[in-house]
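A.B. asks: So here's my_file.cif (mmCIF, C-alpha atoms).
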```cif
data_query
#
loop_
_atom_site.label_atom_id
_atom_site.label_comp_id
_atom_site.auth_asym_id
_atom_site.auth_seq_id
_atom_site.Cartn_x
_atom_site.Cartn_y
_atom_site.Cartn_z
CA MET A 7 110.78 -174.52 -7.47
CA LYS A 8 109.87 -177.41 -5.25
CA LEU A 9 106.31 -177.83 -4.11
CA TYR A 10 106.97 -176.86 -0.50
CA ASN A 11 108.54 -173.65 -1.69
CA ILE A 12 105.48 -172.82 -3.70
CA LYS A 13 103.29 -173.45 -0.68
CA THR A 14 105.50 -171.34 1.58
CA THR A 15 105.48 -168.50 -0.91
CA PHE A 16 101.73 -168.74 -1.29
CA LEU A 17 101.19 -168.68 2.46
CA SER A 18 103.47 -165.69 2.92
CA VAL A 19 101.69 -163.87 0.14
CA LEU A 20 98.37 -164.59 1.84
CA ALA A 21 99.78 -163.25 5.08
CA VAL A 22 100.89 -160.05 3.38
CA ALA A 23 97.50 -159.69 1.74
CA ALA A 24 95.78 -160.17 5.09
CA LEU A 25 97.98 -157.54 6.70
CA ALA A 26 97.32 -155.14 3.88
CA SER A 27 93.58 -155.55 4.19
CA CYS A 28 93.78 -154.90 7.93
CA SER A 29 95.65 -151.69 7.44
CA ASN A 30 93.95 -148.43 8.30
CA ASP A 31 96.38 -146.49 6.16
CA ASP A 32 94.24 -144.97 3.46
CA ASP A 33 97.31 -143.62 1.69
CA MET A 34 98.62 -147.07 0.93
CA THR A 35 98.96 -147.55 -2.78
CA MET A 36 98.73 -150.96 -4.31
CA GLU A 37 101.54 -151.93 -6.64
CA PRO A 38 100.26 -152.92 -10.04
CA THR A 39 101.69 -156.41 -9.62
CA PRO A 40 98.82 -158.52 -8.31
CA MET A 41 99.32 -160.31 -5.05
CA GLY A 42 99.72 -164.02 -5.42
CA THR A 43 101.61 -163.90 -8.70
CA ASP A 44 104.82 -165.83 -8.24
CA PHE A 45 107.88 -164.35 -9.94
CA SER A 46 110.44 -166.07 -7.72
CA GLY A 47 113.48 -167.94 -8.88
CA THR A 48 116.70 -167.46 -10.77
CA TYR A 49 116.67 -167.11 -14.54
CA THR A 50 119.79 -167.98 -16.50
CA GLN A 51 120.66 -166.53 -19.88
CA ALA A 52 119.85 -168.72 -22.88
CA ASP A 53 119.93 -166.39 -25.89
CA HIS A 54 121.38 -162.98 -26.71
CA MET A 55 120.86 -160.51 -29.54
CA GLY A 56 122.17 -157.04 -30.23
CA ARG A 57 122.62 -156.36 -33.92
CA PRO A 58 120.91 -158.59 -36.48
CA GLY A 59 122.69 -161.64 -37.83
CA ILE A 60 125.90 -161.45 -35.83
CA ASN A 61 125.88 -164.91 -34.32
CA THR A 62 124.38 -166.44 -37.44
CA VAL A 63 126.91 -164.96 -39.82
CA PHE A 64 130.12 -164.72 -37.82
CA SER A 65 130.20 -167.43 -35.18
CA ALA A 66 131.67 -170.67 -36.40
CA ASP A 67 133.72 -173.51 -35.06
CA ILE A 68 136.95 -172.70 -36.84
CA ASN A 69 140.57 -172.60 -35.70
CA GLY A 70 139.96 -175.49 -33.35
CA GLN A 71 137.10 -173.83 -31.45
CA THR A 72 133.97 -175.74 -30.53
CA ASN A 73 130.44 -174.78 -29.53
CA VAL A 74 131.02 -171.15 -30.52
CA LYS A 75 127.40 -170.32 -31.39
CA ASN A 76 126.09 -171.50 -28.04
CA SER A 77 128.94 -169.80 -26.21
CA PHE A 78 128.21 -166.49 -27.91
CA ASN A 79 124.65 -166.50 -26.59
CA ARG A 80 125.90 -167.01 -23.05
CA THR A 81 128.62 -164.39 -23.05
CA ILE A 82 128.14 -160.90 -21.62
CA PRO A 83 128.81 -158.15 -24.20
CA SER A 84 131.78 -156.69 -22.33
CA GLN A 85 133.61 -159.99 -22.84
CA MET A 86 132.56 -160.64 -26.43
CA ASN A 87 135.36 -158.80 -28.16
CA ALA A 88 138.08 -160.72 -26.35
CA GLN A 89 136.40 -164.04 -26.99
CA PHE A 90 135.06 -163.71 -30.50
CA GLN A 91 136.70 -160.93 -32.55
CA ALA A 92 139.54 -163.09 -33.92
CA GLY A 93 137.11 -165.83 -34.95
CA PHE A 94 134.85 -163.26 -36.61
CA GLU A 95 137.75 -161.89 -38.65
CA ALA A 96 138.78 -165.40 -39.71
CA ARG A 97 135.20 -166.13 -40.72
CA LEU A 98 135.03 -162.92 -42.76
CA GLU A 99 138.12 -164.02 -44.68
CA GLN A 100 136.70 -167.52 -45.08
CA TYR A 101 133.67 -166.08 -46.89
CA HIS A 102 136.02 -164.32 -49.31
CA ASP A 103 137.95 -167.57 -49.85
CA VAL A 104 134.74 -169.25 -50.96
CA TYR A 105 134.38 -166.70 -53.76
CA ALA A 106 138.06 -166.75 -54.65
CA GLU A 107 137.60 -170.42 -55.46
CA LEU A 108 134.38 -169.88 -57.39
CA LEU A 109 135.97 -167.06 -59.42
CA GLY A 110 139.04 -169.14 -60.23
CA PHE A 111 141.46 -167.16 -58.07
CA GLN A 112 143.77 -168.18 -55.28
CA PRO A 113 142.26 -167.49 -51.85
CA GLU A 114 145.02 -165.05 -50.96
CA ASP A 115 144.12 -162.97 -54.01
CA VAL A 116 140.56 -162.19 -52.91
CA ASN A 117 140.42 -160.64 -49.48
CA TYR A 118 138.16 -158.34 -47.52
CA GLU A 119 138.56 -154.75 -48.66
CA THR A 120 138.12 -151.74 -46.37
CA ASN A 121 134.44 -150.82 -46.61
CA ILE A 122 132.45 -147.66 -47.30
CA LEU A 123 132.70 -146.67 -43.64
CA GLY A 124 136.50 -146.89 -43.90
CA LEU A 125 136.65 -149.87 -41.56
CA ASP A 126 139.35 -152.48 -42.14
CA ALA A 127 138.69 -156.14 -41.31
CA THR A 128 139.95 -155.93 -37.74
CA THR A 129 138.08 -152.72 -36.97
CA LEU A 130 134.84 -153.94 -38.53
CA THR A 131 134.87 -157.24 -36.69
CA THR A 132 135.77 -155.44 -33.47
CA VAL A 133 132.71 -153.19 -33.87
CA LEU A 134 130.49 -156.18 -34.66
CA ALA A 135 131.86 -158.43 -31.92
CA ASN A 136 130.69 -155.87 -29.36
CA ASP A 137 127.17 -157.08 -30.03
CA ALA A 138 124.95 -154.26 -28.84
CA LEU A 139 122.45 -152.29 -30.92
CA ASP A 140 123.15 -148.56 -30.69
CA VAL A 141 119.87 -146.65 -30.33
CA ALA A 142 120.07 -142.86 -30.40
CA PRO A 143 117.33 -141.26 -28.29
CA ASP A 144 117.53 -137.92 -30.08
CA MET A 145 118.28 -138.78 -33.70
CA PRO A 146 116.27 -140.22 -36.58
CA THR A 147 116.61 -143.99 -36.58
CA THR A 148 118.49 -145.76 -39.30
CA TYR A 149 120.73 -148.79 -39.34
CA PHE A 150 122.49 -147.08 -42.24
CA ASN A 151 121.03 -144.75 -44.85
CA GLY A 152 124.15 -143.59 -46.65
CA THR A 153 124.91 -140.65 -44.41
CA GLN A 154 123.66 -141.53 -40.95
CA VAL A 155 124.60 -144.82 -39.36
CA LEU A 156 124.16 -146.74 -36.15
CA THR A 157 121.29 -144.79 -34.62
CA GLY A 158 119.10 -147.84 -34.15
CA ARG A 159 117.15 -150.32 -36.18
CA ALA A 160 113.75 -149.48 -37.60
CA LEU A 161 111.31 -152.19 -38.67
CA ALA A 162 111.74 -151.49 -42.38
CA ASP A 163 115.53 -151.12 -42.38
CA ASP A 164 117.11 -153.53 -44.86
CA VAL A 165 119.70 -154.76 -42.39
CA ILE A 166 120.77 -157.68 -44.57
CA ASP A 167 121.65 -155.53 -47.58
CA ILE A 168 123.43 -153.06 -45.31
CA SER A 169 125.39 -155.86 -43.68
CA LEU A 170 126.28 -157.45 -47.03
CA THR A 171 127.44 -154.08 -48.35
CA LEU A 172 129.68 -153.55 -45.34
CA LEU A 173 131.12 -157.07 -45.66
CA PHE A 174 131.50 -157.47 -49.41
CA GLY A 175 131.05 -153.99 -50.90
CA GLY A 176 134.61 -152.77 -50.44
CA GLU A 177 135.43 -149.08 -50.63
CA THR A 178 132.67 -148.31 -53.11
CA GLY A 179 129.99 -150.43 -51.49
CA ALA A 180 129.51 -152.24 -54.81
CA ARG A 181 132.67 -154.35 -55.13
CA PHE A 182 130.79 -157.61 -55.72
CA SER A 183 127.41 -156.60 -57.00
CA GLY A 184 126.88 -158.76 -60.10
CA GLN A 185 128.78 -156.53 -62.52
CA ASP A 186 128.92 -157.43 -66.21
CA THR A 187 132.60 -156.66 -66.78
CA ASN A 188 132.81 -157.70 -70.44
CA ASN A 189 129.44 -156.36 -71.56
CA ASP A 190 128.14 -159.70 -72.75
CA GLY A 191 124.88 -159.30 -70.87
CA ASN A 192 125.83 -161.70 -68.10
CA ALA A 193 127.09 -161.00 -64.61
CA ASP A 194 130.79 -161.75 -64.25
CA LEU A 195 131.18 -160.94 -60.59
CA PRO A 196 128.98 -162.47 -57.89
CA ARG A 197 126.05 -160.54 -56.47
CA LEU A 198 126.99 -160.32 -52.79
CA THR A 199 125.90 -156.85 -51.70
CA SER A 200 122.13 -157.42 -51.81
CA ASP A 201 119.96 -160.47 -51.27
CA GLY A 202 117.38 -159.00 -53.64
CA VAL A 203 114.37 -159.04 -51.30
CA ALA A 204 112.39 -156.22 -49.71
CA LEU A 205 109.99 -155.98 -46.78
CA THR A 206 106.81 -157.99 -47.31
CA ALA A 207 105.24 -157.81 -43.84
CA THR A 208 102.60 -155.23 -43.02
CA LEU A 209 103.65 -152.40 -40.72
CA SER A 210 101.58 -149.82 -38.91
CA THR A 211 102.32 -146.20 -38.09
CA SER A 212 100.77 -146.64 -34.63
CA PHE A 213 101.70 -148.78 -31.63
CA PRO A 214 102.57 -151.70 -31.68
CA TYR A 215 103.74 -150.96 -35.24
CA LEU A 216 103.78 -154.61 -36.41
CA GLY A 217 100.99 -156.01 -38.56
CA ALA A 218 98.39 -158.45 -37.22
CA PRO A 219 99.51 -162.08 -37.55
CA ASN A 220 98.98 -163.94 -40.81
CA MET B 10 145.27 -171.29 -47.63
CA LYS B 11 145.95 -174.36 -49.77
CA LYS B 12 143.36 -175.72 -52.13
CA THR B 13 142.74 -178.92 -50.23
CA LYS B 14 141.97 -176.87 -47.17
CA ILE B 15 139.58 -174.78 -49.18
CA TYR B 16 137.56 -177.75 -50.30
CA LEU B 17 137.44 -178.88 -46.73
CA GLY B 18 136.40 -175.37 -45.75
CA LEU B 19 133.63 -175.38 -48.31
CA ALA B 20 132.32 -178.67 -47.03
CA VAL B 21 132.37 -177.42 -43.47
CA LEU B 22 130.60 -174.24 -44.47
CA ALA B 23 127.96 -176.20 -46.31
CA VAL B 24 127.23 -178.45 -43.36
CA ALA B 25 127.31 -175.64 -40.84
CA SER B 26 124.94 -173.56 -42.88
CA ILE B 27 122.08 -176.02 -43.16
CA ILE B 28 120.18 -174.69 -40.19
CA LEU B 29 121.31 -171.10 -40.40
CA VAL B 30 118.55 -168.57 -40.38
CA ALA B 31 118.63 -164.91 -40.19
CA ALA B 32 118.55 -162.00 -37.81
CA ASP B 33 118.75 -164.08 -34.69
CA HIS B 34 116.14 -166.68 -35.57
CA ILE B 35 117.55 -170.13 -34.90
CA ASP B 36 121.07 -168.86 -34.42
CA ALA B 37 122.55 -171.62 -32.25
CA PRO B 38 121.88 -175.30 -31.56
CA ALA B 39 121.04 -174.91 -27.87
CA THR B 40 118.21 -172.44 -28.39
CA THR B 41 116.93 -173.40 -31.85
CA GLY B 42 113.26 -174.27 -31.79
CA THR B 43 112.86 -173.54 -28.09
CA THR B 44 110.44 -171.07 -26.51
CA ALA B 45 113.49 -168.99 -25.52
CA ASP B 46 114.80 -168.54 -29.06
CA ILE B 47 115.09 -164.83 -29.85
CA ALA B 48 114.00 -164.13 -33.40
CA ASP B 49 114.72 -160.43 -33.66
CA PHE B 50 115.35 -157.15 -31.87
CA TYR B 51 114.65 -153.56 -32.95
CA GLY B 52 115.13 -150.16 -31.30
CA PHE B 53 113.85 -146.96 -32.90
CA GLU B 54 112.22 -143.56 -32.65
CA PRO B 55 108.53 -144.00 -33.42
CA THR B 56 108.48 -140.70 -35.32
CA VAL B 57 111.22 -138.21 -36.12
CA GLY B 58 111.70 -135.91 -33.15
CA SER B 59 109.76 -138.14 -30.73
CA ASP B 60 110.84 -138.19 -27.09
CA ASN B 61 110.06 -141.92 -26.91
CA THR B 62 112.06 -144.99 -27.85
CA VAL B 63 110.43 -148.21 -29.08
CA PHE B 64 111.90 -151.63 -28.37
CA VAL B 65 110.56 -154.64 -30.26
CA VAL B 66 111.58 -158.13 -29.16
CA ASP B 67 110.46 -161.05 -31.30
CA ILE B 68 110.57 -164.47 -29.68
CA GLN B 69 110.00 -167.73 -31.56
CA SER B 70 109.05 -167.99 -35.23
CA SER B 71 106.63 -169.85 -37.46
CA VAL B 72 109.03 -169.69 -40.41
CA LEU B 73 109.72 -173.43 -40.16
CA PRO B 74 107.03 -175.88 -38.99
CA GLU B 75 109.18 -177.66 -36.42
CA LEU B 76 109.93 -174.51 -34.40
CA ALA B 77 108.24 -173.50 -31.16
CA TYR B 78 105.68 -170.80 -31.91
CA GLY B 79 102.42 -169.54 -30.51
CA GLU B 80 102.67 -169.15 -26.73
CA PHE B 81 104.92 -167.20 -24.41
CA ASP B 82 106.62 -169.47 -21.87
CA GLU B 83 106.18 -168.58 -18.18
CA ASN B 84 109.68 -169.97 -17.53
CA VAL B 85 111.29 -167.50 -19.96
CA LEU B 86 112.21 -164.02 -18.72
CA VAL B 87 112.94 -161.48 -21.46
CA GLU B 88 115.36 -158.68 -20.60
CA ILE B 89 116.06 -155.55 -22.60
CA ASN B 90 119.49 -154.41 -21.42
CA ILE B 91 120.47 -150.73 -21.68
CA ASP B 92 124.04 -149.53 -21.23
CA THR B 93 124.15 -145.77 -20.68
CA ASP B 94 127.88 -145.26 -20.10
CA GLY B 95 129.47 -147.27 -22.91
CA ASP B 96 131.11 -150.09 -20.95
CA LEU B 97 128.79 -152.75 -22.42
CA VAL B 98 127.49 -153.59 -18.95
CA GLU B 99 123.76 -153.04 -18.45
CA ASP B 100 122.90 -150.01 -16.33
CA LYS B 101 119.13 -150.39 -16.71
CA VAL B 102 116.99 -153.37 -17.60
CA ILE B 103 113.39 -153.71 -18.69
CA GLN B 104 111.98 -157.16 -17.97
CA ALA B 105 108.96 -158.98 -19.40
CA ILE B 106 107.52 -162.27 -18.22
CA PRO B 107 104.10 -163.85 -18.76
CA ARG B 108 101.71 -165.11 -16.08
CA ASP B 109 98.19 -166.42 -16.70
CA GLY B 110 97.57 -164.69 -20.00
CA ARG B 111 99.15 -161.36 -19.09
CA MET B 112 102.64 -160.01 -19.77
CA TYR B 113 104.19 -158.30 -16.75
CA PHE B 114 106.86 -155.64 -17.21
CA PHE B 115 109.43 -154.38 -14.69
CA GLY B 116 111.97 -151.55 -14.74
CA PRO B 117 113.75 -149.76 -16.19
CA VAL B 118 116.04 -149.94 -13.18
CA ALA B 119 119.53 -151.13 -12.40
CA PRO B 120 119.46 -154.91 -12.00
CA ALA B 121 120.28 -156.49 -8.65
CA GLN B 122 123.20 -158.11 -10.42
CA THR B 123 124.59 -157.82 -13.94
CA GLY B 124 125.66 -160.83 -15.94
CA LEU B 125 124.13 -164.16 -16.84
CA ASN B 126 121.71 -164.71 -13.94
CA SER B 127 118.64 -162.62 -13.21
CA GLU B 128 115.74 -162.37 -10.85
CA VAL B 129 112.46 -160.65 -11.57
CA LEU B 130 112.61 -157.06 -10.29
CA VAL B 131 109.35 -157.38 -8.37
CA ASP B 132 109.95 -154.12 -6.48
CA SER B 133 109.99 -152.13 -9.73
CA PRO B 134 106.80 -152.99 -11.63
CA LEU B 135 106.27 -151.06 -14.85
CA GLY B 136 102.84 -152.39 -15.77
CA ASP B 137 101.14 -155.31 -17.44
CA VAL B 138 99.01 -156.05 -20.46
CA GLU B 139 96.75 -158.86 -21.56
CA ILE B 140 98.49 -161.05 -24.11
CA SER B 141 96.78 -160.33 -27.40
CA GLY B 142 95.23 -162.69 -29.88
CA ASN B 143 94.96 -161.54 -33.47
CA THR B 144 93.72 -158.11 -32.41
CA ALA B 145 96.25 -155.96 -30.59
CA ILE B 146 95.48 -155.10 -26.96
CA THR B 147 97.68 -152.36 -25.55
CA GLU B 148 98.12 -150.60 -22.22
CA THR B 149 99.67 -147.27 -21.30
CA THR B 150 101.23 -147.00 -17.85
CA THR B 151 101.08 -143.98 -15.56
CA ASN B 152 104.59 -142.94 -16.67
CA GLY B 153 103.53 -142.95 -20.31
CA THR B 154 104.97 -146.31 -21.38
CA LYS B 155 102.98 -148.31 -23.93
CA LEU B 156 102.97 -152.10 -23.64
CA PHE B 157 102.07 -154.93 -26.02
CA ALA B 158 102.62 -158.69 -26.14
CA GLY B 159 101.23 -161.14 -28.66
CA PRO B 160 101.54 -162.72 -32.10
CA ARG B 161 102.45 -160.40 -34.97
CA GLN B 162 103.82 -160.61 -38.48
CA ASP B 163 107.56 -161.15 -38.61
CA ALA B 164 108.95 -158.01 -40.26
CA PHE B 165 112.29 -159.59 -41.01
CA PHE B 166 113.12 -160.14 -44.68
CA PHE B 167 115.93 -162.23 -46.09
CA ASP B 168 116.43 -164.78 -48.88
CA PHE B 169 117.81 -167.25 -46.40
CA PHE B 170 117.89 -170.30 -48.65
CA GLN B 171 120.05 -168.45 -51.15
CA PHE B 172 122.24 -167.21 -48.31
CA ASN B 173 122.94 -170.80 -47.38
CA ALA B 174 123.84 -171.56 -51.00
CA VAL B 175 126.12 -168.51 -51.09
CA ILE B 176 128.09 -169.31 -47.96
CA GLY B 177 128.10 -172.97 -48.87
CA GLY B 178 129.97 -172.23 -52.10
CA MET B 179 127.06 -173.48 -54.19
CA ALA B 180 126.06 -170.16 -55.75
CA PRO B 181 128.74 -168.89 -58.13
CA GLY B 182 126.55 -165.93 -59.03
CA GLY B 183 125.89 -165.02 -55.42
CA PHE B 184 122.42 -163.81 -54.48
CA LYS B 185 119.52 -163.73 -56.93
CA THR B 186 118.19 -160.68 -58.69
CA ALA B 187 115.21 -158.87 -57.21
CA ALA B 188 113.01 -160.58 -59.79
CA GLU B 189 114.13 -164.07 -58.74
CA ALA B 190 114.83 -163.70 -55.01
CA GLU B 191 112.31 -164.83 -52.40
CA ASN B 192 111.82 -163.53 -48.87
CA THR B 193 111.95 -166.67 -46.76
CA PHE B 194 110.07 -164.87 -43.96
CA SER B 195 107.14 -163.82 -46.08
CA GLY B 196 104.01 -164.98 -44.27
CA ALA B 197 105.84 -165.89 -41.04
CA ASN B 198 104.63 -164.82 -37.60
CA THR B 199 106.49 -164.28 -34.37
CA MET B 200 105.63 -163.66 -30.70
CA SER B 201 106.30 -159.96 -30.18
CA ILE B 202 106.89 -157.87 -27.09
CA VAL B 203 106.74 -154.15 -27.80
CA VAL B 204 107.58 -151.35 -25.33
CA GLU B 205 107.37 -147.67 -26.22
CA ILE B 206 108.98 -145.76 -23.40
CA PRO B 207 109.71 -142.05 -22.79
CA ASN B 208 113.44 -141.38 -22.95
CA SER B 209 113.08 -139.48 -19.67
CA VAL B 210 112.04 -142.73 -17.99
CA ILE B 211 115.19 -144.48 -19.21
CA GLY B 212 117.40 -141.50 -18.38
CA ASN B 213 120.39 -139.82 -19.97
CA THR B 214 123.21 -141.62 -21.73
CA THR B 215 126.87 -140.79 -22.07
CA ALA B 216 127.56 -143.75 -24.38
CA THR B 217 128.24 -142.96 -28.03
CA ASN B 218 128.23 -144.86 -31.30
CA ALA B 219 131.25 -145.10 -33.62
CA LEU B 220 130.51 -141.60 -34.93
CA GLY B 221 130.18 -139.95 -31.54
CA THR B 222 126.38 -139.74 -31.46
CA PRO B 223 124.87 -140.29 -27.98
CA VAL B 224 123.18 -143.69 -27.91
CA TYR B 225 121.74 -146.29 -25.63
CA LYS B 226 123.74 -149.47 -26.17
CA THR B 227 121.08 -152.15 -26.07
CA TRP B 228 120.70 -155.90 -26.32
CA VAL B 229 118.03 -158.42 -25.47
CA THR B 230 118.39 -161.70 -23.65
CA THR B 231 116.10 -164.59 -22.85
CA ASN B 232 116.63 -166.22 -19.49
CA VAL B 233 115.24 -169.60 -18.48
CA LYS B 234 114.07 -170.42 -14.95
CA GLN B 235 116.41 -172.84 -13.19
#
```
Would you mind writing the file out in structure tokens?
C.D. replies:
Amino acid sequence: MKLYNIKTTFLSVLAVAALASCSNDDDMTMEPTPMGTDFSGTYTQADHMGRPGINTVFSADINGQTNVKNSFNRTIPSQMNAQFQAGFEARLEQYHDVYAELLGFQPEDVNYETNILGLDATTLTTVLANDALDVAPDMPTTYFNGTQVLTGRALADDVIDISLTLLFGGETGARFSGQDTNNDGNADLPRLTSDGVALTATLSTSFPYLGAPN
Amino acid sequence: MKKTKIYLGLAVLAVASIILVAADHIDAPATTGTTADIADFYGFEPTVGSDNTVFVVDIQSSVLPELAYGEFDENVLVEINIDTDGDLVEDKVIQAIPRDGRMYFFGPVAPAQTGLNSEVLVDSPLGDVEISGNTAITETTTNGTKLFAGPRQDAFFFDFFQFNAVIGGMAPGGFKTAAEAENTFSGANTMSIVVEIPNSVIGNTTATNALGTPVYKTWVTTNVKQ
């Protein structure tokens, strides 16, 4: 806002305040927003988040695309599926190609496998590309607890392990979970369904629920 | 995919993953390290059977020293978007924006316009609260909504350095065991905005999740003054 605009706004606010104070209407209720506070202007979207980790994990400049991560943050959710689902599915397969190579297989031999929710690669990435967090007003909250899913995200939900399980767990949820297939005491398959860490922050049972800063 | 392409793919993944962090922390070059960088977003029932819904928006992070952290920016408008009919277009928004040490909240009401540009809904004030220091200061509005804004512990947990090794093709074993793994966000703080609002104030929803359960479809945005 230019300076003259600020001055004009300030003067008009003063005028309103003066009028209000002259009023004889005892029923007039003051809005909680204090007079003189300037909220004017246009604000343009810079960042977006629905579910955790979507842009971080799935957006990538592949298949000739550029600037995908920035574009994602400036796209309205109703347009996300059309713009990003195909790239998300390609990225999901790319992650599997990385492990095909590390395991000594051809990339086409290690692919995404339909997950414990019964979602194939296209369906899963379609769900995730519509990047909104579902929050059920009348159900217990859990990102996924084995039976209930998609009713919100609580502070202690292990969203990373859930996400990894849905991406790499296959039909059993444990497809790549560090199995020792030849019983020699060492893991023969990669550990991809859990990052191994748990909540360390302090939570509270009362509002605002998050622990005081460190 | 041919092998040569794979090696190229690995290299690209490795480079692309250097600055990758987490839930939404530092998710894209244009917002990384800015005062508008969303760190995280939560939506939950405070207790089983409660008639309220809690939204937590974390902005900024102290997880890396070079990131913006510590003060809300008066040029950044935070919007919690709520779709109640399942078309992924916001039907109600709750706004939060700081002025002179207080966080002002507006809504939930239908925005003047949906999409990428917003104005503060000055005709629909919800309430305001002093921005807290280390001790939480909260307010409860006349319609029963609780408000908070201030620094808090970052509740996110993720072994992000190992994640980068995994997607970079540098970790044949994948993630570490629980005994070896480290939560990168342990000890980190974030600037939190917390709203606990009666569901009756938001209103009914006809949107459903993938299993048919009625839900609010929600997302948060930061919006920078032009």
A.B. asks: Which residue gives the smallest distance to Tyr215 of chain A among B:Ile176, B:Ala121, B:Val204, B:Leu130, with only C-alpha atoms counted?
C.D. replies: B:Val204
A.B. asks: Between B:Phe167, B:Phe64, B:Phe53, B:Phe115, single out the one closest to Ile168 of chain A, counting only C-alpha atoms.
C.D. replies: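 With only C-alpha atoms as the atom set, the closest residue is B:Phe167.
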A.B. asks: Do you know which residues the PyMOL selection byres ((chain A and resi 176) around 7) returns on this file, as an mmCIF file with C-alpha atoms, keeping the file's coordinate frame?
C.D. replies:
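So out.cif came out as:
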```
data_model
loop_
_atom_site.group_PDB
_atom_site.id
_atom_site.type_symbol
_atom_site.label_atom_id
_atom_site.label_comp_id
_atom_site.auth_asym_id
_atom_site.auth_seq_id
_atom_site.Cartn_x
_atom_site.Cartn_y
_atom_site.Cartn_z
ATOM 1 C CA GLU A 119 138.560 -154.750 -48.660
ATOM 2 C CA THR A 120 138.120 -151.740 -46.370
ATOM 3 C CA ASN A 121 134.440 -150.820 -46.610
ATOM 4 C CA ILE A 122 132.450 -147.660 -47.300
ATOM 5 C CA PHE A 174 131.500 -157.470 -49.410
ATOM 6 C CA GLY A 175 131.050 -153.990 -50.900
ATOM 7 C CA GLU A 177 135.430 -149.080 -50.630
ATOM 8 C CA THR A 178 132.670 -148.310 -53.110
ATOM 9 C CA GLY A 179 129.990 -150.430 -51.490
ATOM 10 C CA ALA A 180 129.510 -152.240 -54.810
ATOM 11 C CA ARG A 181 132.670 -154.350 -55.130
#
```
A.B. asks: Specify as a list in words each residue included when the PyMOL selection byres ((chain B and resi 57-60) around 12) is applied to this file.
C.D. replies: Ala142, Pro143, Asp144, Met145, Pro146, Thr147, Thr148 and Ala160 of chain A; Phe53, Glu54, Pro55, Thr56, Asn61, Thr62, Val63, Gly153, Thr154, Glu205, Ile206, Pro207, Asn208, Ser209, Val210, Ile211 and Gly212 of chain B
A.B. asks: So how far away is atom CA of Ala219 of chain B from atom CA of Val65 of chain B, in Å?
C.D. replies: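 It comes out at 23.0 Å.
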A.B. asks: Would you kindly report the residues of chain B within 6 Å of chain A, using all atoms listed in the file, as a ChimeraX atom specification?
C.D. replies: /B:31-33,36-37,51-54,57,97,125-128,143,160-162,164,166,178,181-184,186-187,190,192,195,198,223-235
A.B. asks: Would you mind reading off the distance between atom CA of Asn117 of chain A and atom CA of Leu173 of chain A, one decimal, in Å?
C.D. replies: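 Going from atom CA of Asn117 of chain A over to atom CA of Leu173 of chain A, I get 10.7 Å.
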A.B. asks: Record the distance separating atom CA of Glu99 of chain B and atom CA of Phe114 of chain B, expressed in Å with one decimal.
C.D. replies: 17.1 Å
A.B. asks: What are the centre and edge lengths in Å, to one decimal, of the axis-aligned box around all listed atoms of segment 37-44 of chain B with 4 Å added on each side, as lines of an AutoDock Vina configuration file?
C.D. replies:
```
center_x = 116.5
center_y = -173.2
center_z = -29.4
size_x = 20.1
size_y = 12.2
size_z = 13.7
```
A.B. asks: Extract, using all atoms listed in the file, all DNA, RNA and protein residues at most 6 Å from segment 67-73 of chain B, discarding same-chain residues fewer than 2 positions from it, and format them as a list in words.
C.D. replies: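 The contact residues come out as Asp46, Ile47, Ala48, Asp49, Glu75, Leu76, Tyr78, Ala197, Asn198, Thr199, Met200 and Ser201 of chain B.
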A.B. asks: If the PyMOL selection byres ((chain B and resi 44) around 7) were run on this exact file, what residues would it hold? Put them as a PyMOL selection string.
C.D. replies: chain B and resi 42-43+45-46+69+77+82
A.B. asks: Selection from above, C-alpha atoms, as an mmCIF file, in the frame of the given file, can you write it?
C.D. replies:
```cif
data_model
loop_
_atom_site.group_PDB
_atom_site.id
_atom_site.type_symbol
_atom_site.label_atom_id
_atom_site.label_comp_id
_atom_site.auth_asym_id
_atom_site.auth_seq_id
_atom_site.Cartn_x
_atom_site.Cartn_y
_atom_site.Cartn_z
ATOM 1 C CA GLY B 42 113.260 -174.270 -31.790
ATOM 2 C CA THR B 43 112.860 -173.540 -28.090
ATOM 3 C CA ALA B 45 113.490 -168.990 -25.520
ATOM 4 C CA ASP B 46 114.800 -168.540 -29.060
ATOM 5 C CA GLN B 69 110.000 -167.730 -31.560
ATOM 6 C CA ALA B 77 108.240 -173.500 -31.160
ATOM 7 C CA ASP B 82 106.620 -169.470 -21.870
#
```
